[in-house]
$ cat entry28.pdb   # PDB, N, CA and C atoms and all ligand atoms
MODEL        1
ATOM      1  N   MET W   1       6.137  55.082   5.294
ATOM      2  CA  MET W   1       7.069  54.787   4.196
ATOM      3  C   MET W   1       6.769  53.400   3.607
ATOM      4  N   ARG W   2       6.799  53.302   2.343
ATOM      5  CA  ARG W   2       6.471  52.049   1.666
ATOM      6  C   ARG W   2       7.736  51.181   1.543
ATOM      7  N   LYS W   3       7.565  49.928   1.948
ATOM      8  CA  LYS W   3       8.708  49.024   1.852
ATOM      9  C   LYS W   3       8.956  48.659   0.400
ATOM     10  N   GLU W   4      10.186  48.439   0.092
ATOM     11  CA  GLU W   4      10.531  48.093  -1.280
ATOM     12  C   GLU W   4       9.999  46.707  -1.626
ATOM     13  N   PHE W   5       9.417  46.617  -2.777
ATOM     14  CA  PHE W   5       8.854  45.345  -3.210
ATOM     15  C   PHE W   5       9.924  44.533  -3.943
ATOM     16  N   ILE W   6      10.090  43.315  -3.486
ATOM     17  CA  ILE W   6      11.090  42.446  -4.130
ATOM     18  C   ILE W   6      10.363  41.522  -5.096
ATOM     19  N   ASP W   7      10.701  41.651  -6.342
ATOM     20  CA  ASP W   7      10.049  40.826  -7.350
ATOM     21  C   ASP W   7      10.716  39.453  -7.418
ATOM     22  N   LEU W   8       9.943  38.436  -7.069
ATOM     23  CA  LEU W   8      10.496  37.074  -7.049
ATOM     24  C   LEU W   8      10.023  36.264  -8.250
ATOM     25  N   THR W   9       9.313  36.915  -9.142
ATOM     26  CA  THR W   9       8.751  36.204 -10.294
ATOM     27  C   THR W   9       9.837  35.456 -11.068
ATOM     28  N   GLY W  10       9.567  34.180 -11.292
ATOM     29  CA  GLY W  10      10.514  33.361 -12.048
ATOM     30  C   GLY W  10      11.526  32.665 -11.157
ATOM     31  N   ASP W  11      11.567  33.049  -9.898
ATOM     32  CA  ASP W  11      12.517  32.412  -8.978
ATOM     33  C   ASP W  11      11.989  31.064  -8.497
ATOM     34  N   ILE W  12      12.895  30.247  -8.052
ATOM     35  CA  ILE W  12      12.524  28.931  -7.547
ATOM     36  C   ILE W  12      12.957  28.822  -6.090
ATOM     37  N   PHE W  13      12.022  28.424  -5.267
ATOM     38  CA  PHE W  13      12.305  28.239  -3.836
ATOM     39  C   PHE W  13      11.873  26.827  -3.489
ATOM     40  N   GLY W  14      12.830  25.948  -3.333
ATOM     41  CA  GLY W  14      12.487  24.558  -3.061
ATOM     42  C   GLY W  14      11.756  23.997  -4.257
ATOM     43  N   ARG W  15      10.471  23.682  -4.042
ATOM     44  CA  ARG W  15       9.666  23.152  -5.143
ATOM     45  C   ARG W  15       8.792  24.224  -5.773
ATOM     46  N   TRP W  16       8.791  25.392  -5.197
ATOM     47  CA  TRP W  16       7.957  26.471  -5.717
ATOM     48  C   TRP W  16       8.609  27.176  -6.891
ATOM     49  N   LEU W  17       7.803  27.394  -7.904
ATOM     50  CA  LEU W  17       8.202  28.293  -8.983
ATOM     51  C   LEU W  17       7.284  29.502  -8.842
ATOM     52  N   VAL W  18       7.872  30.660  -8.678
ATOM     53  CA  VAL W  18       7.078  31.868  -8.489
ATOM     54  C   VAL W  18       6.546  32.320  -9.845
ATOM     55  N   GLU W  19       5.225  32.346  -9.965
ATOM     56  CA  GLU W  19       4.622  32.667 -11.258
ATOM     57  C   GLU W  19       4.301  34.142 -11.411
ATOM     58  N   GLU W  20       3.562  34.695 -10.446
ATOM     59  CA  GLU W  20       3.298  36.128 -10.526
ATOM     60  C   GLU W  20       2.920  36.696  -9.175
ATOM     61  N   ARG W  21       2.946  37.967  -9.117
ATOM     62  CA  ARG W  21       2.630  38.678  -7.885
ATOM     63  C   ARG W  21       1.147  38.518  -7.561
ATOM     64  N   ALA W  22       0.849  38.282  -6.313
ATOM     65  CA  ALA W  22      -0.539  38.212  -5.873
ATOM     66  C   ALA W  22      -0.847  39.453  -5.028
ATOM     67  N   LYS W  23      -2.090  39.555  -4.624
ATOM     68  CA  LYS W  23      -2.482  40.715  -3.824
ATOM     69  C   LYS W  23      -1.796  40.670  -2.458
ATOM     70  N   ASN W  24      -1.391  41.835  -1.994
ATOM     71  CA  ASN W  24      -0.785  41.905  -0.660
ATOM     72  C   ASN W  24      -1.784  41.490   0.406
ATOM     73  N   GLU W  25      -1.262  40.929   1.464
ATOM     74  CA  GLU W  25      -2.134  40.633   2.595
ATOM     75  C   GLU W  25      -1.505  41.202   3.840
ATOM     76  N   GLY W  26      -2.215  42.086   4.472
ATOM     77  CA  GLY W  26      -1.687  42.742   5.657
ATOM     78  C   GLY W  26      -0.396  43.484   5.363
ATOM     79  N   GLY W  27      -0.322  44.050   4.174
ATOM     80  CA  GLY W  27       0.865  44.825   3.792
ATOM     81  C   GLY W  27       2.042  43.961   3.397
ATOM     82  N   LYS W  28       1.790  42.631   3.321
ATOM     83  CA  LYS W  28       2.891  41.720   2.973
ATOM     84  C   LYS W  28       2.733  41.233   1.538
ATOM     85  N   ALA W  29       3.821  41.231   0.828
ATOM     86  CA  ALA W  29       3.795  40.783  -0.564
ATOM     87  C   ALA W  29       3.546  39.288  -0.634
ATOM     88  N   GLN W  30       2.747  38.888  -1.602
ATOM     89  CA  GLN W  30       2.463  37.466  -1.814
ATOM     90  C   GLN W  30       2.605  37.144  -3.293
ATOM     91  N   PHE W  31       2.848  35.882  -3.555
ATOM     92  CA  PHE W  31       3.028  35.474  -4.953
ATOM     93  C   PHE W  31       2.219  34.227  -5.250
ATOM     94  N   PHE W  32       1.775  34.139  -6.492
ATOM     95  CA  PHE W  32       1.176  32.901  -6.967
ATOM     96  C   PHE W  32       2.332  31.970  -7.270
ATOM     97  N   CYS W  33       2.344  30.823  -6.655
ATOM     98  CA  CYS W  33       3.441  29.887  -6.871
ATOM     99  C   CYS W  33       2.890  28.560  -7.364
ATOM    100  N   ARG W  34       3.682  27.908  -8.172
ATOM    101  CA  ARG W  34       3.308  26.571  -8.609
ATOM    102  C   ARG W  34       4.336  25.582  -8.071
ATOM    103  N   CYS W  35       3.836  24.582  -7.388
ATOM    104  CA  CYS W  35       4.709  23.548  -6.846
ATOM    105  C   CYS W  35       5.072  22.586  -7.965
ATOM    106  N   SER W  36       6.171  21.892  -7.830
ATOM    107  CA  SER W  36       6.595  20.972  -8.882
ATOM    108  C   SER W  36       5.616  19.808  -9.029
ATOM    109  N   CYS W  37       4.741  19.617  -8.053
ATOM    110  CA  CYS W  37       3.729  18.562  -8.172
ATOM    111  C   CYS W  37       2.504  19.063  -8.922
ATOM    112  N   GLY W  38       2.467  20.366  -9.211
ATOM    113  CA  GLY W  38       1.351  20.915  -9.974
ATOM    114  C   GLY W  38       0.394  21.767  -9.146
ATOM    115  N   MET W  39       0.522  21.699  -7.854
ATOM    116  CA  MET W  39      -0.346  22.464  -6.952
ATOM    117  C   MET W  39      -0.009  23.950  -7.030
ATOM    118  N   GLU W  40      -1.042  24.780  -7.061
ATOM    119  CA  GLU W  40      -0.827  26.222  -7.070
ATOM    120  C   GLU W  40      -1.306  26.816  -5.767
ATOM    121  N   ARG W  41      -0.551  27.767  -5.284
ATOM    122  CA  ARG W  41      -0.949  28.403  -4.022
ATOM    123  C   ARG W  41      -0.352  29.798  -3.932
ATOM    124  N   ILE W  42      -1.000  30.620  -3.147
ATOM    125  CA  ILE W  42      -0.446  31.950  -2.879
ATOM    126  C   ILE W  42       0.457  31.822  -1.663
ATOM    127  N   VAL W  43       1.689  32.232  -1.831
ATOM    128  CA  VAL W  43       2.665  32.121  -0.748
ATOM    129  C   VAL W  43       3.209  33.506  -0.430
ATOM    130  N   ARG W  44       3.400  33.773   0.840
ATOM    131  CA  ARG W  44       3.960  35.071   1.233
ATOM    132  C   ARG W  44       5.421  35.159   0.814
ATOM    133  N   SER W  45       5.766  36.311   0.335
ATOM    134  CA  SER W  45       7.130  36.569  -0.110
ATOM    135  C   SER W  45       8.143  36.246   0.993
ATOM    136  N   ALA W  46       7.816  36.648   2.202
ATOM    137  CA  ALA W  46       8.736  36.426   3.327
ATOM    138  C   ALA W  46       8.937  34.933   3.576
ATOM    139  N   ASP W  47       7.856  34.165   3.453
ATOM    140  CA  ASP W  47       7.952  32.719   3.671
ATOM    141  C   ASP W  47       8.835  32.060   2.625
ATOM    142  N   LEU W  48       8.761  32.583   1.403
ATOM    143  CA  LEU W  48       9.611  32.038   0.343
ATOM    144  C   LEU W  48      11.070  32.365   0.634
ATOM    145  N   ARG W  49      11.301  33.626   0.988
ATOM    146  CA  ARG W  49      12.683  34.061   1.154
ATOM    147  C   ARG W  49      13.344  33.487   2.400
ATOM    148  N   ASN W  50      12.586  33.304   3.470
ATOM    149  CA  ASN W  50      13.246  32.747   4.658
ATOM    150  C   ASN W  50      13.181  31.215   4.686
ATOM    151  N   GLY W  51      12.603  30.633   3.648
ATOM    152  CA  GLY W  51      12.647  29.175   3.518
ATOM    153  C   GLY W  51      11.606  28.434   4.330
ATOM    154  N   SER W  52      10.657  29.166   4.923
ATOM    155  CA  SER W  52       9.664  28.466   5.735
ATOM    156  C   SER W  52       8.595  27.813   4.859
ATOM    157  N   SER W  53       8.534  28.200   3.590
ATOM    158  CA  SER W  53       7.633  27.506   2.672
ATOM    159  C   SER W  53       8.436  27.059   1.466
ATOM    160  N   ARG W  54       8.541  25.761   1.296
ATOM    161  CA  ARG W  54       9.347  25.266   0.186
ATOM    162  C   ARG W  54       8.573  24.357  -0.749
ATOM    163  N   SER W  55       7.326  24.080  -0.374
ATOM    164  CA  SER W  55       6.469  23.290  -1.247
ATOM    165  C   SER W  55       5.040  23.443  -0.769
ATOM    166  N   CYS W  56       4.099  22.899  -1.549
ATOM    167  CA  CYS W  56       2.691  22.998  -1.160
ATOM    168  C   CYS W  56       2.413  22.120   0.044
ATOM    169  N   GLY W  57       3.384  21.322   0.422
ATOM    170  CA  GLY W  57       3.181  20.381   1.523
ATOM    171  C   GLY W  57       3.489  18.967   1.077
ATOM    172  N   CYS W  58       3.642  18.795  -0.249
ATOM    173  CA  CYS W  58       3.914  17.452  -0.754
ATOM    174  C   CYS W  58       5.300  16.997  -0.318
ATOM    175  N   LEU W  59       6.223  17.934  -0.188
ATOM    176  CA  LEU W  59       7.584  17.604   0.227
ATOM    177  C   LEU W  59       7.556  17.097   1.667
ATOM    178  N   ALA W  60       6.849  17.822   2.503
ATOM    179  CA  ALA W  60       6.736  17.427   3.913
ATOM    180  C   ALA W  60       6.052  16.071   4.025
ATOM    181  N   ARG W  61       5.023  15.876   3.190
ATOM    182  CA  ARG W  61       4.314  14.598   3.222
ATOM    183  C   ARG W  61       5.241  13.465   2.833
ATOM    184  N   LYS W  62       6.078  13.715   1.826
ATOM    185  CA  LYS W  62       6.987  12.684   1.361
ATOM    186  C   LYS W  62       7.996  12.330   2.458
ATOM    187  N   ILE W  63       8.571  13.354   3.059
ATOM    188  CA  ILE W  63       9.536  13.133   4.133
ATOM    189  C   ILE W  63       8.877  12.383   5.271
ATOM    190  N   TRP W  64       7.662  12.797   5.588
ATOM    191  CA  TRP W  64       6.948  12.184   6.692
ATOM    192  C   TRP W  64       6.714  10.715   6.426
ATOM    193  N   SER W  65       6.280  10.377   5.216
ATOM    194  CA  SER W  65       5.976   8.979   4.929
ATOM    195  C   SER W  65       7.259   8.153   4.896
ATOM    196  N   ARG W  66       8.353   8.797   4.456
ATOM    197  CA  ARG W  66       9.618   8.086   4.442
ATOM    198  C   ARG W  66      10.051   7.784   5.874
ATOM    199  N   ASN W  67       9.877   8.783   6.746
ATOM    200  CA  ASN W  67      10.229   8.590   8.152
ATOM    201  C   ASN W  67       9.351   7.525   8.781
ATOM    202  N   LEU W  68       8.092   7.515   8.364
ATOM    203  CA  LEU W  68       7.159   6.542   8.916
ATOM    204  C   LEU W  68       7.612   5.133   8.551
ATOM    205  N   ARG W  69       7.992   4.980   7.278
ATOM    206  CA  ARG W  69       8.465   3.665   6.843
ATOM    207  C   ARG W  69       9.687   3.248   7.647
ATOM    208  N   LYS W  70      10.588   4.200   7.854
ATOM    209  CA  LYS W  70      11.805   3.926   8.610
ATOM    210  C   LYS W  70      11.448   3.524  10.038
ATOM    211  N   ARG W  71      10.525   4.289  10.618
ATOM    212  CA  ARG W  71      10.107   4.011  11.996
ATOM    213  C   ARG W  71       9.516   2.622  12.093
ATOM    214  N   ARG W  72       8.674   2.277  11.082
ATOM    215  CA  ARG W  72       8.024   0.963  11.122
ATOM    216  C   ARG W  72       9.054  -0.146  11.034
ATOM    217  N   ALA W  73      10.043   0.034  10.168
ATOM    218  CA  ALA W  73      11.080  -0.978  10.004
ATOM    219  C   ALA W  73      11.857  -1.128  11.299
ATOM    220  N   GLN W  74      12.135   0.022  11.928
ATOM    221  CA  GLN W  74      12.873   0.009  13.188
ATOM    222  C   GLN W  74      12.084  -0.756  14.247
ATOM    223  N   GLU W  75      10.776  -0.483  14.282
ATOM    224  CA  GLU W  75       9.936  -1.126  15.267
ATOM    225  C   GLU W  75       9.907  -2.633  15.063
ATOM    226  N   ARG W  76       9.816  -3.012  13.787
ATOM    227  CA  ARG W  76       9.811  -4.442  13.477
ATOM    228  C   ARG W  76      11.103  -5.093  13.953
ATOM    229  N   ARG W  77      12.224  -4.399  13.695
ATOM    230  CA  ARG W  77      13.526  -4.930  14.110
ATOM    231  C   ARG W  77      13.580  -5.058  15.627
ATOM    232  N   ARG W  78      13.082  -4.016  16.296
ATOM    233  CA  ARG W  78      13.087  -4.015  17.764
ATOM    234  C   ARG W  78      12.267  -5.174  18.295
ATOM    235  N   LYS W  79      11.079  -5.380  17.706
ATOM    236  CA  LYS W  79      10.197  -6.444  18.147
ATOM    237  C   LYS W  79      10.872  -7.793  17.974
ATOM    238  N   LYS W  80      11.502  -7.964  16.828
ATOM    239  CA  LYS W  80      12.186  -9.219  16.544
ATOM    240  C   LYS W  80      13.281  -9.461  17.573
ATOM    241  N   ALA W  81      14.051  -8.430  17.853
ATOM    242  CA  ALA W  81      15.152  -8.545  18.809
ATOM    243  C   ALA W  81      14.604  -8.902  20.184
ATOM    244  N   LYS W  82      13.488  -8.293  20.529
ATOM    245  CA  LYS W  82      12.863  -8.544  21.820
ATOM    246  C   LYS W  82      12.437 -10.009  21.899
ATOM    247  N   LEU W  83      11.807 -10.449  20.818
ATOM    248  CA  LEU W  83      11.325 -11.823  20.749
ATOM    249  C   LEU W  83      12.483 -12.799  20.914
ATOM    250  N   ARG W  84      13.568 -12.478  20.218
ATOM    251  CA  ARG W  84      14.744 -13.341  20.277
ATOM    252  C   ARG W  84      15.289 -13.360  21.702
ATOM    253  N   ALA W  85      15.350 -12.197  22.323
ATOM    254  CA  ALA W  85      15.865 -12.089  23.685
ATOM    255  C   ALA W  85      15.008 -12.916  24.632
ATOM    256  N   LYS W  86      13.703 -12.853  24.417
ATOM    257  CA  LYS W  86      12.790 -13.612  25.259
ATOM    258  C   LYS W  86      13.056 -15.104  25.126
ATOM    259  N   LYS W  87      13.218 -15.526  23.887
ATOM    260  CA  LYS W  87      13.461 -16.933  23.613
ATOM    261  C   LYS W  87      14.724 -17.401  24.340
ATOM    262  N   VAL W  88      15.768 -16.612  24.199
ATOM    263  CA  VAL W  88      17.047 -16.950  24.827
ATOM    264  C   VAL W  88      16.854 -17.054  26.335
ATOM    265  N   PHE W  89      16.114 -16.091  26.861
ATOM    266  CA  PHE W  89      15.855 -16.055  28.296
ATOM    267  C   PHE W  89      15.144 -17.330  28.741
ATOM    268  N   LYS W  90      14.117 -17.712  27.964
ATOM    269  CA  LYS W  90      13.351 -18.912  28.289
ATOM    270  C   LYS W  90      14.260 -20.137  28.280
ATOM    271  N   VAL W  91      15.067 -20.217  27.238
ATOM    272  CA  VAL W  91      15.956 -21.366  27.094
ATOM    273  C   VAL W  91      16.909 -21.424  28.281
ATOM    274  N   ARG W  92      17.459 -20.254  28.624
ATOM    275  CA  ARG W  92      18.398 -20.205  29.755
ATOM    276  C   ARG W  92      17.726 -20.645  31.048
ATOM    277  N   ARG W  93      16.498 -20.146  31.235
ATOM    278  CA  ARG W  93      15.783 -20.472  32.456
ATOM    279  C   ARG W  93      15.524 -21.977  32.513
ATOM    280  N   ALA W  94      15.153 -22.511  31.362
ATOM    281  CA  ALA W  94      14.849 -23.941  31.284
ATOM    282  C   ALA W  94      16.111 -24.732  31.622
ATOM    283  N   ALA W  95      17.236 -24.261  31.086
ATOM    284  CA  ALA W  95      18.499 -24.945  31.322
ATOM    285  C   ALA W  95      18.858 -24.873  32.801
ATOM    286  N   ARG W  96      18.600 -23.709  33.397
ATOM    287  CA  ARG W  96      18.913 -23.533  34.821
ATOM    288  C   ARG W  96      18.087 -24.466  35.676
ATOM    289  N   SER W  97      16.767 -24.510  35.399
ATOM    290  CA  SER W  97      15.902 -25.349  36.211
ATOM    291  C   SER W  97      16.262 -26.808  36.033
ATOM    292  N   GLU W  98      16.802 -27.083  34.867
ATOM    293  CA  GLU W  98      17.168 -28.446  34.568
ATOM    294  C   GLU W  98      18.378 -28.865  35.440
ATOM    295  N   THR W  99      19.357 -27.960  35.557
ATOM    296  CA  THR W  99      20.543 -28.291  36.325
ATOM    297  C   THR W  99      20.255 -28.326  37.819
ATOM    298  N   ARG W 100      19.206 -27.558  38.207
ATOM    299  CA  ARG W 100      18.876 -27.516  39.630
ATOM    300  C   ARG W 100      18.292 -28.832  40.095
ATOM    301  N   ARG W 101      17.581 -29.478  39.163
ATOM    302  CA  ARG W 101      16.887 -30.669  39.544
ATOM    303  C   ARG W 101      17.744 -31.839  39.931
TER     304      ARG W 101
HETATM  305 ZN    ZN Z 201       3.560  20.002  -4.180
ENDMDL
END

$ encode --input "entry28.pdb" --output "structure tokens"
Amino acid sequence: MRKEFIDLTGDIFGRWLVEERAKNEGGKAQFFCRCSCGMERIVRSADLRNGSSRSCGCLARKIWSRNLRKRRAQERRRKKAKLRAKKVFKVRRAARSETRR
């Protein structure tokens, strides 16, 4: 029995605009999609509908780089805090040795 074909032409999934039907692969419907960044790719209908493909990858790259920036800032803050803690520790130790003398 042939599965019903769902026409997604003209629909938008994330950054994908579905342009036209592409050749089936392994009995699965595929579509030519254009990403909002201009990239064109054939995407499986199922991937579009279940949300597992929402862009050519530029969206993921953007999120990733944003997270990277956040991570770097966090690391810098952590390092600074560590440095400050070390300084305080040194000062305290110096003060202690001073009172011991
Ligand atoms: Zn893109």

$ resolve_selection --input "entry28.pdb" --expression "the PyMOL selection byres (((not hetatm)) within 7 of (chain Z and resi 201))" --output "ChimeraX atom specification"
/W:15,34-39,55-59

$ resolve_selection --input "entry28.pdb" --expression "the PyMOL selection byres (((chain W and resi 32) around 7) and not hetatm)" --output "ChimeraX atom specification"
/W:17-23,30-31,33-34,40-43

$ select_by_dssp --input "entry28.pdb" --residues "chain W" --states "strand (DSSP E)" --output "PyMOL selection string"
chain W and resi 12-13+16-25+28-35+40-44

$ atom_distance --input "entry28.pdb" --atom1 "atom C of Ala29 (chain W)" --atom2 "atom C of Arg61 (chain W)"
26.1 Å

$ closest_residue --input "entry28.pdb" --among "W:Lys79, W:Ile63, W:Ala73, W:Phe13" --to "Arg49 (chain W)" --atoms "all atoms listed in the file"
W:Phe13

$ axis_aligned_box --input "entry28.pdb" --around "region 24-35 of chain W" --padding-each-side "4 Å" --output "AutoDock Vina command-line options"
--center_x 1.4 --center_y 33.7 --center_z -1.5 --size_x 15.3 --size_y 30.2 --size_z 22.3
